[in-house]
>>> print(open('query_19.cif').read())   # mmCIF, C-alpha atoms and all ligand atoms
data_query
#
loop_
_atom_site.label_atom_id
_atom_site.label_comp_id
_atom_site.auth_asym_id
_atom_site.auth_seq_id
_atom_site.Cartn_x
_atom_site.Cartn_y
_atom_site.Cartn_z
CA MET Z 1 -15.35 89.10 -11.16
CA LYS Z 2 -16.35 89.36 -14.82
CA LYS Z 3 -14.41 86.88 -16.96
CA HIS Z 4 -13.15 87.84 -20.40
CA ASN Z 5 -12.81 84.62 -22.38
CA PHE Z 6 -9.97 84.77 -24.93
CA SER Z 7 -9.69 80.96 -25.28
CA ALA Z 8 -8.76 79.61 -28.73
CA GLY Z 9 -11.19 76.68 -28.67
CA PRO Z 10 -13.52 75.53 -27.30
CA SER Z 11 -14.19 79.20 -26.94
CA ILE Z 12 -16.60 81.98 -26.13
CA LEU Z 13 -20.25 81.70 -27.18
CA ALA Z 14 -22.85 84.46 -26.98
CA LYS Z 15 -24.57 84.54 -23.58
CA GLU Z 16 -27.98 84.34 -25.20
CA VAL Z 17 -26.90 81.22 -27.13
CA ILE Z 18 -25.83 79.48 -23.91
CA GLU Z 19 -29.04 80.51 -22.15
CA ASN Z 20 -31.25 79.27 -24.98
CA THR Z 21 -29.33 75.99 -25.11
CA ALA Z 22 -29.79 75.60 -21.36
CA LYS Z 23 -33.54 76.05 -21.84
CA ALA Z 24 -33.66 73.44 -24.62
CA VAL Z 25 -31.66 71.04 -22.45
CA LEU Z 26 -34.49 71.27 -19.93
CA ASP Z 27 -37.38 71.48 -22.38
CA LEU Z 28 -37.21 71.68 -26.18
CA ASN Z 29 -39.85 74.12 -27.50
CA GLY Z 30 -42.24 73.27 -24.66
CA ILE Z 31 -42.64 69.59 -25.68
CA GLY Z 32 -41.77 68.44 -22.17
CA LEU Z 33 -38.60 66.65 -23.27
CA SER Z 34 -34.94 67.63 -23.36
CA VAL Z 35 -33.21 68.13 -26.72
CA MET Z 36 -30.84 65.44 -25.40
CA GLU Z 37 -33.53 62.76 -25.07
CA VAL Z 38 -35.49 63.01 -28.31
CA SER Z 39 -34.98 60.87 -31.40
CA HIS Z 40 -32.76 62.47 -34.01
CA ARG Z 41 -35.29 61.20 -36.56
CA GLY Z 42 -38.31 62.69 -34.81
CA LYS Z 43 -39.94 65.88 -36.10
CA ASP Z 44 -38.64 68.04 -33.24
CA PHE Z 45 -34.99 67.35 -33.91
CA GLN Z 46 -35.48 67.25 -37.69
CA ALA Z 47 -36.71 70.84 -37.40
CA VAL Z 48 -33.46 71.76 -35.60
CA MET Z 49 -31.35 70.13 -38.34
CA ASP Z 50 -33.39 71.76 -41.12
CA GLU Z 51 -33.18 75.23 -39.59
CA THR Z 52 -29.42 74.90 -38.98
CA VAL Z 53 -28.82 73.90 -42.61
CA ALA Z 54 -31.16 76.66 -43.87
CA LEU Z 55 -29.38 79.31 -41.77
CA PHE Z 56 -26.00 78.10 -43.05
CA LYS Z 57 -27.20 78.51 -46.63
CA GLU Z 58 -28.83 81.87 -46.01
CA LEU Z 59 -26.06 83.50 -43.97
CA LEU Z 60 -23.21 82.34 -46.21
CA ASN Z 61 -25.17 82.71 -49.45
CA ILE Z 62 -24.45 79.09 -50.40
CA PRO Z 63 -25.47 78.22 -54.00
CA ASP Z 64 -27.98 75.40 -54.61
CA ASN Z 65 -25.48 72.82 -55.83
CA TYR Z 66 -23.87 72.50 -52.38
CA HIS Z 67 -24.78 70.30 -49.41
CA VAL Z 68 -24.36 71.24 -45.76
CA LEU Z 69 -23.50 68.33 -43.45
CA PHE Z 70 -22.92 67.93 -39.71
CA LEU Z 71 -20.77 64.98 -38.70
CA GLY Z 72 -18.66 63.89 -35.77
CA GLY Z 73 -14.90 63.38 -35.76
CA GLY Z 74 -13.79 67.01 -35.75
CA ALA Z 75 -11.88 68.86 -38.44
CA SER Z 76 -9.12 66.30 -37.86
CA MET Z 77 -11.29 63.51 -39.29
CA GLN Z 78 -11.67 65.58 -42.46
CA PHE Z 79 -7.88 65.60 -42.87
CA CYS Z 80 -8.22 61.91 -43.85
CA MET Z 81 -11.76 61.92 -45.33
CA ILE Z 82 -10.80 64.56 -47.90
CA PRO Z 83 -7.97 62.59 -49.56
CA TYR Z 84 -9.85 59.30 -49.06
CA ASN Z 85 -12.79 60.65 -51.12
CA LEU Z 86 -11.12 63.12 -53.43
CA LEU Z 87 -7.43 62.38 -54.02
CA ASN Z 88 -6.92 60.24 -57.10
CA LYS Z 89 -3.29 60.95 -58.04
CA LYS Z 90 -2.11 64.32 -56.84
CA ALA Z 91 -3.26 67.07 -54.47
CA ALA Z 92 -1.87 70.53 -53.76
CA TYR Z 93 -1.60 71.92 -50.22
CA LEU Z 94 -0.59 75.28 -48.77
CA GLU Z 95 1.46 74.77 -45.61
CA THR Z 96 0.58 77.62 -43.26
CA GLY Z 97 0.73 76.01 -39.82
CA THR Z 98 0.21 73.05 -37.54
CA TRP Z 99 -3.26 72.17 -38.84
CA ALA Z 100 -2.17 72.41 -42.47
CA LYS Z 101 0.76 70.10 -41.66
CA LYS Z 102 -1.59 67.56 -40.12
CA ALA Z 103 -3.82 67.68 -43.22
CA ILE Z 104 -0.75 67.17 -45.46
CA LYS Z 105 0.42 64.18 -43.43
CA GLU Z 106 -2.89 62.36 -43.96
CA ALA Z 107 -3.08 63.19 -47.68
CA LYS Z 108 0.36 61.62 -48.24
CA GLY Z 109 -1.17 58.28 -47.36
CA PHE Z 110 -3.41 58.45 -50.44
CA GLY Z 111 -1.31 59.90 -53.25
CA GLU Z 112 1.22 62.51 -54.32
CA VAL Z 113 1.11 65.75 -52.34
CA VAL Z 114 2.58 68.96 -53.74
CA VAL Z 115 3.21 71.61 -51.10
CA VAL Z 116 2.84 74.70 -53.30
CA GLY Z 117 3.97 77.15 -50.64
CA SER Z 118 5.08 77.09 -47.02
CA SER Z 119 5.85 79.60 -44.30
CA SER Z 120 7.65 77.05 -42.12
CA ASP Z 121 10.93 79.00 -42.64
CA LYS Z 122 9.63 81.76 -40.34
CA ASN Z 123 7.60 79.71 -37.88
CA PHE Z 124 4.41 80.19 -39.94
CA SER Z 125 4.27 83.94 -39.24
CA TYR Z 126 3.03 84.84 -42.73
CA ILE Z 127 0.85 83.60 -45.60
CA PRO Z 128 2.97 82.59 -48.66
CA LYS Z 129 2.29 84.51 -51.87
CA GLY Z 130 2.97 84.01 -55.56
CA PHE Z 131 2.75 80.21 -55.50
CA ALA Z 132 1.62 78.18 -58.52
CA ILE Z 133 -1.15 75.59 -58.22
CA PRO Z 134 -0.54 72.57 -60.52
CA GLU Z 135 -3.36 72.29 -63.05
CA ASP Z 136 -3.39 68.49 -62.84
CA ALA Z 137 -4.01 68.40 -59.07
CA ASP Z 138 -7.31 66.89 -57.92
CA TYR Z 139 -7.78 69.75 -55.48
CA PHE Z 140 -5.97 72.57 -53.63
CA HIS Z 141 -6.23 72.60 -49.83
CA ILE Z 142 -5.85 75.69 -47.65
CA THR Z 143 -6.32 76.62 -43.99
CA THR Z 144 -7.93 80.06 -44.07
CA ASN Z 145 -7.23 80.94 -40.45
CA ASN Z 146 -4.19 79.58 -38.67
CA THR Z 147 -5.50 79.45 -35.13
CA ILE Z 148 -2.12 78.77 -33.51
CA PHE Z 149 0.03 81.28 -35.42
CA GLY Z 150 -2.49 84.12 -35.85
CA THR Z 151 -2.37 84.43 -39.64
CA GLU Z 152 -5.33 84.45 -41.98
CA ILE Z 153 -6.10 84.26 -45.70
CA LEU Z 154 -8.66 87.05 -46.14
CA GLU Z 155 -9.26 86.56 -49.86
CA ASP Z 156 -11.06 83.85 -51.82
CA TYR Z 157 -8.34 82.44 -54.08
CA ASP Z 158 -8.72 81.92 -57.81
CA SER Z 159 -7.55 78.41 -58.64
CA PRO Z 160 -7.43 76.17 -61.72
CA VAL Z 161 -8.49 73.21 -59.54
CA PRO Z 162 -11.20 72.83 -56.84
CA VAL Z 163 -10.33 74.66 -53.60
CA ILE Z 164 -10.93 72.96 -50.24
CA ALA Z 165 -10.70 75.14 -47.14
CA ASP Z 166 -10.37 74.36 -43.44
CA MET Z 167 -12.35 77.27 -41.94
CA SER Z 168 -12.53 75.88 -38.41
CA SER Z 169 -11.62 79.16 -36.78
CA ASP Z 170 -13.01 81.82 -39.11
CA ILE Z 171 -16.27 80.48 -40.54
CA PHE Z 172 -18.98 83.18 -40.29
CA SER Z 173 -16.43 85.83 -39.33
CA ARG Z 174 -16.72 87.62 -42.70
CA PRO Z 175 -18.48 87.22 -46.06
CA ILE Z 176 -16.98 84.61 -48.38
CA ASP Z 177 -17.73 83.69 -51.99
CA VAL Z 178 -18.69 80.05 -51.47
CA SER Z 179 -18.78 79.45 -55.24
CA LYS Z 180 -14.96 79.73 -55.25
CA TYR Z 181 -14.68 76.66 -53.01
CA ALA Z 182 -15.53 73.04 -53.75
CA MET Z 183 -15.60 72.26 -50.05
CA ILE Z 184 -15.41 74.17 -46.76
CA TYR Z 185 -15.20 72.40 -43.42
CA GLY Z 186 -14.29 72.83 -39.78
CA GLY Z 187 -14.87 71.95 -36.17
CA ALA Z 188 -17.73 73.98 -34.65
CA GLN Z 189 -15.93 74.69 -31.38
CA LYS Z 190 -14.14 77.90 -32.41
CA ASN Z 191 -16.65 80.30 -33.86
CA LEU Z 192 -19.95 78.45 -33.99
CA GLY Z 193 -20.83 76.13 -31.12
CA PRO Z 194 -19.51 73.61 -28.63
CA ALA Z 195 -17.11 70.77 -29.46
CA GLY Z 196 -18.62 67.69 -31.09
CA ALA Z 197 -20.05 68.94 -34.39
CA THR Z 198 -18.09 69.21 -37.63
CA PHE Z 199 -19.61 71.27 -40.44
CA ILE Z 200 -19.04 70.46 -44.12
CA ILE Z 201 -20.16 72.49 -47.14
CA ILE Z 202 -19.56 70.40 -50.25
CA ARG Z 203 -20.30 70.66 -53.97
CA ASP Z 204 -21.70 67.61 -55.79
CA ASP Z 205 -19.44 67.54 -58.80
CA ILE Z 206 -16.19 66.80 -56.94
CA LEU Z 207 -17.51 63.45 -55.67
CA GLY Z 208 -17.36 60.00 -57.22
CA LYS Z 209 -14.03 60.46 -58.98
CA VAL Z 210 -11.79 58.03 -57.09
CA ASP Z 211 -11.70 54.28 -57.69
CA ARG Z 212 -10.76 53.00 -54.24
CA TYR Z 213 -13.25 51.46 -51.80
CA ILE Z 214 -14.32 54.08 -49.25
CA PRO Z 215 -15.75 52.79 -45.94
CA THR Z 216 -19.43 53.71 -45.65
CA MET Z 217 -19.02 56.04 -42.66
CA LEU Z 218 -16.13 57.89 -44.31
CA LYS Z 219 -17.87 58.44 -47.62
CA TYR Z 220 -19.42 61.88 -48.23
CA GLU Z 221 -22.21 60.43 -50.40
CA THR Z 222 -23.43 58.37 -47.43
CA HIS Z 223 -24.02 61.48 -45.38
CA ILE Z 224 -25.42 63.53 -48.26
CA GLU Z 225 -27.96 60.82 -49.12
CA ASN Z 226 -29.03 60.55 -45.48
CA GLY Z 227 -29.16 64.26 -44.62
CA SER Z 228 -26.40 63.85 -41.97
CA MET Z 229 -28.50 61.11 -40.32
CA PHE Z 230 -26.84 57.91 -41.55
CA ASN Z 231 -25.92 57.47 -37.92
CA THR Z 232 -26.83 59.59 -34.90
CA PRO Z 233 -25.49 63.12 -35.44
CA PRO Z 234 -24.15 65.25 -32.54
CA CYS Z 235 -27.64 66.55 -31.68
CA LEU Z 236 -26.91 68.89 -28.78
CA PRO Z 237 -23.91 70.64 -30.41
CA ILE Z 238 -25.98 71.09 -33.59
CA TYR Z 239 -28.74 72.66 -31.51
CA THR Z 240 -26.25 75.22 -30.11
CA CYS Z 241 -24.93 75.95 -33.63
CA MET Z 242 -28.51 76.75 -34.64
CA GLU Z 243 -28.84 79.18 -31.73
CA THR Z 244 -25.54 80.86 -32.73
CA LEU Z 245 -26.79 81.28 -36.29
CA ARG Z 246 -30.11 82.74 -35.08
CA TRP Z 247 -28.09 85.19 -32.97
CA LEU Z 248 -25.82 86.02 -35.90
CA LYS Z 249 -28.77 86.64 -38.21
CA LYS Z 250 -30.39 88.95 -35.65
CA LEU Z 251 -27.19 91.01 -35.43
CA GLY Z 252 -27.16 91.49 -39.19
CA GLY Z 253 -25.15 88.55 -40.57
CA VAL Z 254 -21.55 88.15 -41.67
CA GLU Z 255 -21.08 91.69 -43.01
CA VAL Z 256 -21.86 93.13 -39.59
CA MET Z 257 -19.65 90.47 -37.96
CA GLN Z 258 -16.75 91.39 -40.20
CA LYS Z 259 -17.03 95.07 -39.23
CA MET Z 260 -17.14 94.21 -35.54
CA ASN Z 261 -14.26 91.72 -35.81
CA ARG Z 262 -12.14 94.19 -37.77
CA GLU Z 263 -12.77 96.89 -35.17
CA LYS Z 264 -11.78 94.60 -32.26
CA ALA Z 265 -8.65 93.36 -34.05
CA ASP Z 266 -7.56 96.87 -35.07
CA LEU Z 267 -7.90 98.11 -31.48
CA LEU Z 268 -5.78 95.27 -30.10
CA TYR Z 269 -3.11 95.32 -32.83
CA ALA Z 270 -2.75 99.10 -32.34
CA GLU Z 271 -2.16 98.62 -28.61
CA ILE Z 272 0.39 95.83 -29.20
CA GLU Z 273 2.29 98.18 -31.51
CA ARG Z 274 2.05 101.17 -29.18
CA ASN Z 275 2.84 99.39 -25.91
CA LYS Z 276 6.59 99.36 -25.03
CA LEU Z 277 6.41 95.86 -23.51
CA PHE Z 278 4.78 93.84 -26.31
CA MET Z 279 5.24 92.98 -29.98
CA GLY Z 280 3.13 91.05 -32.48
CA THR Z 281 4.38 87.81 -34.07
CA ALA Z 282 2.46 87.70 -37.38
CA ALA Z 283 3.51 89.67 -40.47
CA GLU Z 284 1.29 92.73 -40.85
CA ASP Z 285 -0.15 91.71 -44.23
CA SER Z 286 -1.10 88.25 -42.93
CA ARG Z 287 -2.56 89.10 -39.52
CA SER Z 288 -5.66 87.25 -38.37
CA ILE Z 289 -8.77 89.06 -37.15
CA MET Z 290 -9.66 85.98 -35.04
CA ASN Z 291 -6.48 85.00 -33.15
CA ILE Z 292 -4.14 87.80 -32.19
CA CYS Z 293 -0.67 86.54 -31.18
CA PHE Z 294 1.88 88.64 -29.33
CA VAL Z 295 4.96 88.23 -27.14
CA MET Z 296 7.01 90.36 -24.73
CA GLN Z 297 9.65 92.59 -26.33
CA PRO Z 298 13.08 90.87 -25.95
CA GLU Z 299 14.23 93.17 -23.11
CA TYR Z 300 11.08 92.37 -21.11
CA GLN Z 301 11.07 88.62 -21.82
CA GLU Z 302 11.36 87.71 -18.13
CA LEU Z 303 7.97 89.37 -17.47
CA GLU Z 304 5.96 86.85 -19.51
CA LYS Z 305 4.72 84.78 -16.60
CA THR Z 306 4.14 87.89 -14.47
CA PHE Z 307 1.91 89.40 -17.15
CA LEU Z 308 -0.14 86.22 -17.51
CA GLU Z 309 -0.71 86.13 -13.74
CA PHE Z 310 -1.53 89.83 -13.66
CA ALA Z 311 -4.03 89.49 -16.52
CA THR Z 312 -5.59 86.36 -15.00
CA GLY Z 313 -6.05 88.29 -11.76
CA LYS Z 314 -8.04 90.88 -13.74
CA GLY Z 315 -10.43 88.25 -15.16
CA MET Z 316 -8.66 87.50 -18.46
CA VAL Z 317 -9.00 83.82 -19.46
CA GLY Z 318 -7.18 81.74 -22.08
CA LEU Z 319 -4.47 84.25 -22.99
CA LYS Z 320 -1.50 81.87 -22.91
CA GLY Z 321 -0.07 81.41 -26.40
CA HIS Z 322 0.26 77.96 -27.97
CA ARG Z 323 3.56 76.31 -27.02
CA SER Z 324 4.83 76.51 -30.62
CA VAL Z 325 4.67 80.33 -30.57
CA GLY Z 326 4.89 81.16 -26.86
CA GLY Z 327 3.76 84.46 -25.41
CA PHE Z 328 0.09 85.30 -25.66
CA ARG Z 329 -2.87 84.70 -27.93
CA ALA Z 330 -6.10 86.66 -27.67
CA SER Z 331 -8.85 84.95 -29.62
CA THR Z 332 -11.45 87.52 -30.60
CA TYR Z 333 -14.15 85.33 -32.16
CA ASN Z 334 -17.60 86.60 -33.19
CA ALA Z 335 -19.07 86.24 -29.71
CA MET Z 336 -16.35 88.33 -28.03
CA PRO Z 337 -17.70 91.78 -27.18
CA LYS Z 338 -15.57 94.87 -27.85
CA GLU Z 339 -15.68 95.57 -24.08
CA SER Z 340 -13.53 92.49 -23.43
CA VAL Z 341 -10.90 93.69 -25.91
CA GLU Z 342 -10.97 97.11 -24.24
CA ALA Z 343 -10.57 95.45 -20.85
CA LEU Z 344 -7.49 93.57 -22.10
CA ILE Z 345 -6.03 96.78 -23.50
CA ALA Z 346 -6.53 98.50 -20.13
CA VAL Z 347 -4.66 95.62 -18.44
CA MET Z 348 -1.79 95.91 -20.94
CA LYS Z 349 -1.56 99.66 -20.31
CA GLU Z 350 -1.59 99.23 -16.55
CA PHE Z 351 1.15 96.60 -16.79
CA GLU Z 352 3.22 98.96 -18.95
CA THR Z 353 2.95 101.73 -16.36
CA MET Z 354 4.16 99.31 -13.68
CA HIS Z 355 7.08 97.81 -15.62
CA ALA Z 356 8.30 99.94 -18.58
CA LYS Z 357 11.83 101.17 -18.04
C1 LIG S 401 -8.94 73.52 -33.97
C2 LIG S 401 -8.61 73.35 -35.40
C3 LIG S 401 -8.59 72.09 -36.02
C4 LIG S 401 -8.85 70.81 -35.26
O1 LIG S 401 -10.17 70.67 -34.99
P1 LIG S 401 -10.76 69.35 -34.27
O2 LIG S 401 -12.23 69.59 -34.41
O3 LIG S 401 -10.27 69.38 -32.87
O4 LIG S 401 -10.28 68.17 -35.01
C5 LIG S 401 -8.31 72.03 -37.36
N1 LIG S 401 -8.05 73.14 -38.08
C6 LIG S 401 -8.06 74.36 -37.52
C7 LIG S 401 -7.77 75.57 -38.37
C8 LIG S 401 -8.33 74.50 -36.16
O5 LIG S 401 -8.34 75.73 -35.60
#
>>> encode(input="query_19.cif", output="structure tokens")
Amino acid sequence: MKKHNFSAGPSILAKEVIENTAKAVLDLNGIGLSVMEVSHRGKDFQAVMDETVALFKELLNIPDNYHVLFLGGGASMQFCMIPYNLLNKKAAYLETGTWAKKAIKEAKGFGEVVVVGSSSDKNFSYIPKGFAIPEDADYFHITTNNTIFGTEILEDYDSPVPVIADMSSDIFSRPIDVSKYAMIYGGAQKNLGPAGATFIIIRDDILGKVDRYIPTMLKYETHIENGSMFNTPPCLPIYTCMETLRWLKKLGGVEVMQKMNREKADLLYAEIERNKLFMGTAAEDSRSIMNICFVMQPEYQELEKTFLEFATGKGMVGLKGHRSVGGFRASTYNAMPKESVEALIAVMKEFETMHAK
């Protein structure tokens, strides 16, 4: 049976990306060696690193005064590296979900943290508006897509201080104005590649402003000066990221992605609204185009498990919502074809016919 992969992360990758990675695992560019067994400092892997960085810059239109790095440690490691390197006295954070809370917790170990806005009062179902960013903060940290709660910041904020964004789950899903951010980072395993690589886009001028000692491995300058090769980078995950970016470029880049993602999300949100059994959990003006969260209507609550089993039986994978929201979450990342969203909608309709009173 065909599987439709709605997993939140690690998540769906384009078939062609997986096939090309499989080929490189057996033989990288016909050199008779696997991408897994060559030196990261040799010319064959250096070419992979260079192309991945070049595609990042090209596809996101990254200005020249930014560096693109690939490190280990996941987005979670950045939650501590950011304040370690950049928080002198005070930092501002927007609290929009579980990942934002984790970032805030780490920053508090390094200085004063001002939470300028929070949606914790309504279980993070919306993006706060009308907050003020203190002008004396060292930076302002946001999570653009809240993977667990299905909300997303779809604008590039104006800010009096440098903006740092966790874009783990929406990088390359739409065009962004990189010049409005001092740093963008995330784990690759949502919309870009397999787990193991962390991407970082960082502007020079925010560095070197704190007085504390920063351990060599945790210092951004170390990795900038060594082109992400101070130590051994996650070579195989980086290779797959390169294949994803080649695929993305061939399809037409982030503008085309945005159109496709918008179309998929609109289809699914429309069905959630129309269907008598289901309801969405995110406020309409804050809804994510990457993670679509929904639950059973109160009078059909007891059917939650039955629906999951029914959908699983039809080939749907990874639909169970995160435990802090419950219900269902359909992740519709770049690599998800519209056909999979249509298949899910057909399953929802069939289930409605069977169960609606
Ligand atoms: C998954 C996720 C993280 C955590 O990423 P790791 O690479 O597992 O540390 C952080 N932020 C967001 C928005 C995420 O979706």
>>> closest_atom_pairs(input="query_19.cif", of="stretch 176-244 of chain Z", to="stretch 161-171 of chain Z", cutoff="6 Å", atoms="all atoms listed in the file", output="tab-separated table")
residue	atom	partner	partner_atom	distance
Z:Tyr181	CA	Z:Val163	CA	4.8
Z:Ala182	CA	Z:Pro162	CA	5.3
Z:Met183	CA	Z:Ile164	CA	4.7
Z:Ile184	CA	Z:Ala165	CA	4.8
Z:Tyr185	CA	Z:Asp166	CA	5.2
Z:Gly186	CA	Z:Ser168	CA	3.8
Z:Gly187	CA	Z:Ser168	CA	5.1
Z:Lys190	CA	Z:Ser169	CA	5.2
Z:Asn191	CA	Z:Ser169	CA	5.9
>>> atom_distance(input="query_19.cif", atom1="atom CA of Z:Ile202", atom2="atom CA of Z:Phe131")
24.9 Å
>>> residues_near_ligand(input="query_19.cif", ligand="ligand LIG 401 (chain S)", cutoff="9 Å", atoms="all atoms listed in the file", output="PyMOL selection string")
chain Z and resi 8-10+72-79+97-100+102-103+143-148+166-170+185-190+195-198
>>> closest_residue(input="query_19.cif", among="Z:Cys293, Z:Leu28, Z:Leu277, Z:Ile18", to="Z:Lys43", atoms="only C-alpha atoms")
Z:Leu28
>>> residues_near_point(input="query_19.cif", point="(-8.9, 55.0, -57.2)", cutoff="10 Å", atoms="only C-alpha atoms", output="list in words")
Tyr84, Asn85, Leu86, Leu87, Asn88, Lys89, Phe110, Gly111, Gly208, Lys209, Val210, Asp211, Arg212, Tyr213 and Ile214 of chain Z
>>> closest_residue(input="query_19.cif", among="Z:Phe124, Z:Phe6, Z:Tyr300, Z:Phe140", to="Z:Ala330", atoms="only C-alpha atoms")
Z:Phe6
>>> decode(input="query_19.cif", residues="stretch 36-43 of chain Z", atoms="all heavy atoms", output="PDB file, in the first residue's frame")
ATOM      1  N   MET Z  36      30.187   8.102   2.622  1.00  0.00           N
ATOM      2  CA  MET Z  36      30.400   7.867   4.059  1.00  0.00           C
ATOM      3  C   MET Z  36      31.851   7.533   4.395  1.00  0.00           C
ATOM      4  O   MET Z  36      32.216   7.530   5.556  1.00  0.00           O
ATOM      5  CB  MET Z  36      29.531   6.701   4.561  1.00  0.00           C
ATOM      6  CG  MET Z  36      28.053   6.953   4.438  1.00  0.00           C
ATOM      7  SD  MET Z  36      27.091   5.706   5.286  1.00  0.00           S
ATOM      8  CE  MET Z  36      27.516   4.235   4.367  1.00  0.00           C
ATOM      9  N   GLU Z  37      32.672   7.229   3.392  1.00  0.00           N
ATOM     10  CA  GLU Z  37      34.026   6.760   3.714  1.00  0.00           C
ATOM     11  C   GLU Z  37      35.124   7.649   3.127  1.00  0.00           C
ATOM     12  O   GLU Z  37      36.276   7.241   3.058  1.00  0.00           O
ATOM     13  CB  GLU Z  37      34.214   5.309   3.262  1.00  0.00           C
ATOM     14  CG  GLU Z  37      33.996   5.094   1.773  1.00  0.00           C
ATOM     15  CD  GLU Z  37      34.249   3.653   1.312  1.00  0.00           C
ATOM     16  OE1 GLU Z  37      34.674   2.823   2.126  1.00  0.00           O
ATOM     17  OE2 GLU Z  37      34.013   3.393   0.116  1.00  0.00           O
ATOM     18  N   VAL Z  38      34.736   8.865   2.704  1.00  0.00           N
ATOM     19  CA  VAL Z  38      35.777   9.771   2.199  1.00  0.00           C
ATOM     20  C   VAL Z  38      36.089  10.841   3.243  1.00  0.00           C
ATOM     21  O   VAL Z  38      35.253  11.162   4.082  1.00  0.00           O
ATOM     22  CB  VAL Z  38      35.365  10.452   0.863  1.00  0.00           C
ATOM     23  CG1 VAL Z  38      35.224   9.413  -0.225  1.00  0.00           C
ATOM     24  CG2 VAL Z  38      34.091  11.267   1.029  1.00  0.00           C
ATOM     25  N   SER Z  39      37.289  11.387   3.175  1.00  0.00           N
ATOM     26  CA  SER Z  39      37.681  12.440   4.109  1.00  0.00           C
ATOM     27  C   SER Z  39      36.809  13.671   3.902  1.00  0.00           C
ATOM     28  O   SER Z  39      36.541  14.071   2.773  1.00  0.00           O
ATOM     29  CB  SER Z  39      39.141  12.823   3.885  1.00  0.00           C
ATOM     30  OG  SER Z  39      39.406  14.053   4.551  1.00  0.00           O
ATOM     31  N   HIS Z  40      36.406  14.270   5.019  1.00  0.00           N
ATOM     32  CA  HIS Z  40      35.630  15.515   4.887  1.00  0.00           C
ATOM     33  C   HIS Z  40      36.501  16.639   4.334  1.00  0.00           C
ATOM     34  O   HIS Z  40      35.999  17.627   3.839  1.00  0.00           O
ATOM     35  CB  HIS Z  40      35.009  15.911   6.226  1.00  0.00           C
ATOM     36  CG  HIS Z  40      35.984  16.090   7.340  1.00  0.00           C
ATOM     37  ND1 HIS Z  40      36.708  15.043   7.855  1.00  0.00           N
ATOM     38  CD2 HIS Z  40      36.363  17.185   8.034  1.00  0.00           C
ATOM     39  CE1 HIS Z  40      37.483  15.490   8.823  1.00  0.00           C
ATOM     40  NE2 HIS Z  40      37.305  16.783   8.952  1.00  0.00           N
ATOM     41  N   ARG Z  41      37.822  16.473   4.409  1.00  0.00           N
ATOM     42  CA  ARG Z  41      38.720  17.513   3.890  1.00  0.00           C
ATOM     43  C   ARG Z  41      39.184  17.236   2.457  1.00  0.00           C
ATOM     44  O   ARG Z  41      39.895  18.044   1.864  1.00  0.00           O
ATOM     45  CB  ARG Z  41      39.939  17.655   4.798  1.00  0.00           C
ATOM     46  CG  ARG Z  41      39.553  18.038   6.216  1.00  0.00           C
ATOM     47  CD  ARG Z  41      40.744  18.398   7.065  1.00  0.00           C
ATOM     48  NE  ARG Z  41      40.366  18.437   8.477  1.00  0.00           N
ATOM     49  CZ  ARG Z  41      39.723  19.445   9.044  1.00  0.00           C
ATOM     50  NH1 ARG Z  41      39.406  20.511   8.339  1.00  0.00           N
ATOM     51  NH2 ARG Z  41      39.384  19.393  10.326  1.00  0.00           N
ATOM     52  N   GLY Z  42      38.792  16.090   1.919  1.00  0.00           N
ATOM     53  CA  GLY Z  42      39.175  15.775   0.537  1.00  0.00           C
ATOM     54  C   GLY Z  42      38.349  16.584  -0.454  1.00  0.00           C
ATOM     55  O   GLY Z  42      37.325  17.162  -0.107  1.00  0.00           O
ATOM     56  N   LYS Z  43      38.787  16.601  -1.721  1.00  0.00           N
ATOM     57  CA  LYS Z  43      38.121  17.467  -2.697  1.00  0.00           C
ATOM     58  C   LYS Z  43      36.691  16.998  -3.006  1.00  0.00           C
ATOM     59  O   LYS Z  43      35.835  17.817  -3.319  1.00  0.00           O
ATOM     60  CB  LYS Z  43      38.963  17.611  -3.963  1.00  0.00           C
ATOM     61  CG  LYS Z  43      39.049  16.391  -4.858  1.00  0.00           C
ATOM     62  CD  LYS Z  43      39.745  16.788  -6.163  1.00  0.00           C
ATOM     63  CE  LYS Z  43      39.824  15.726  -7.229  1.00  0.00           C
ATOM     64  NZ  LYS Z  43      39.421  14.364  -6.998  1.00  0.00           N
TER      65      LYS Z  43
END
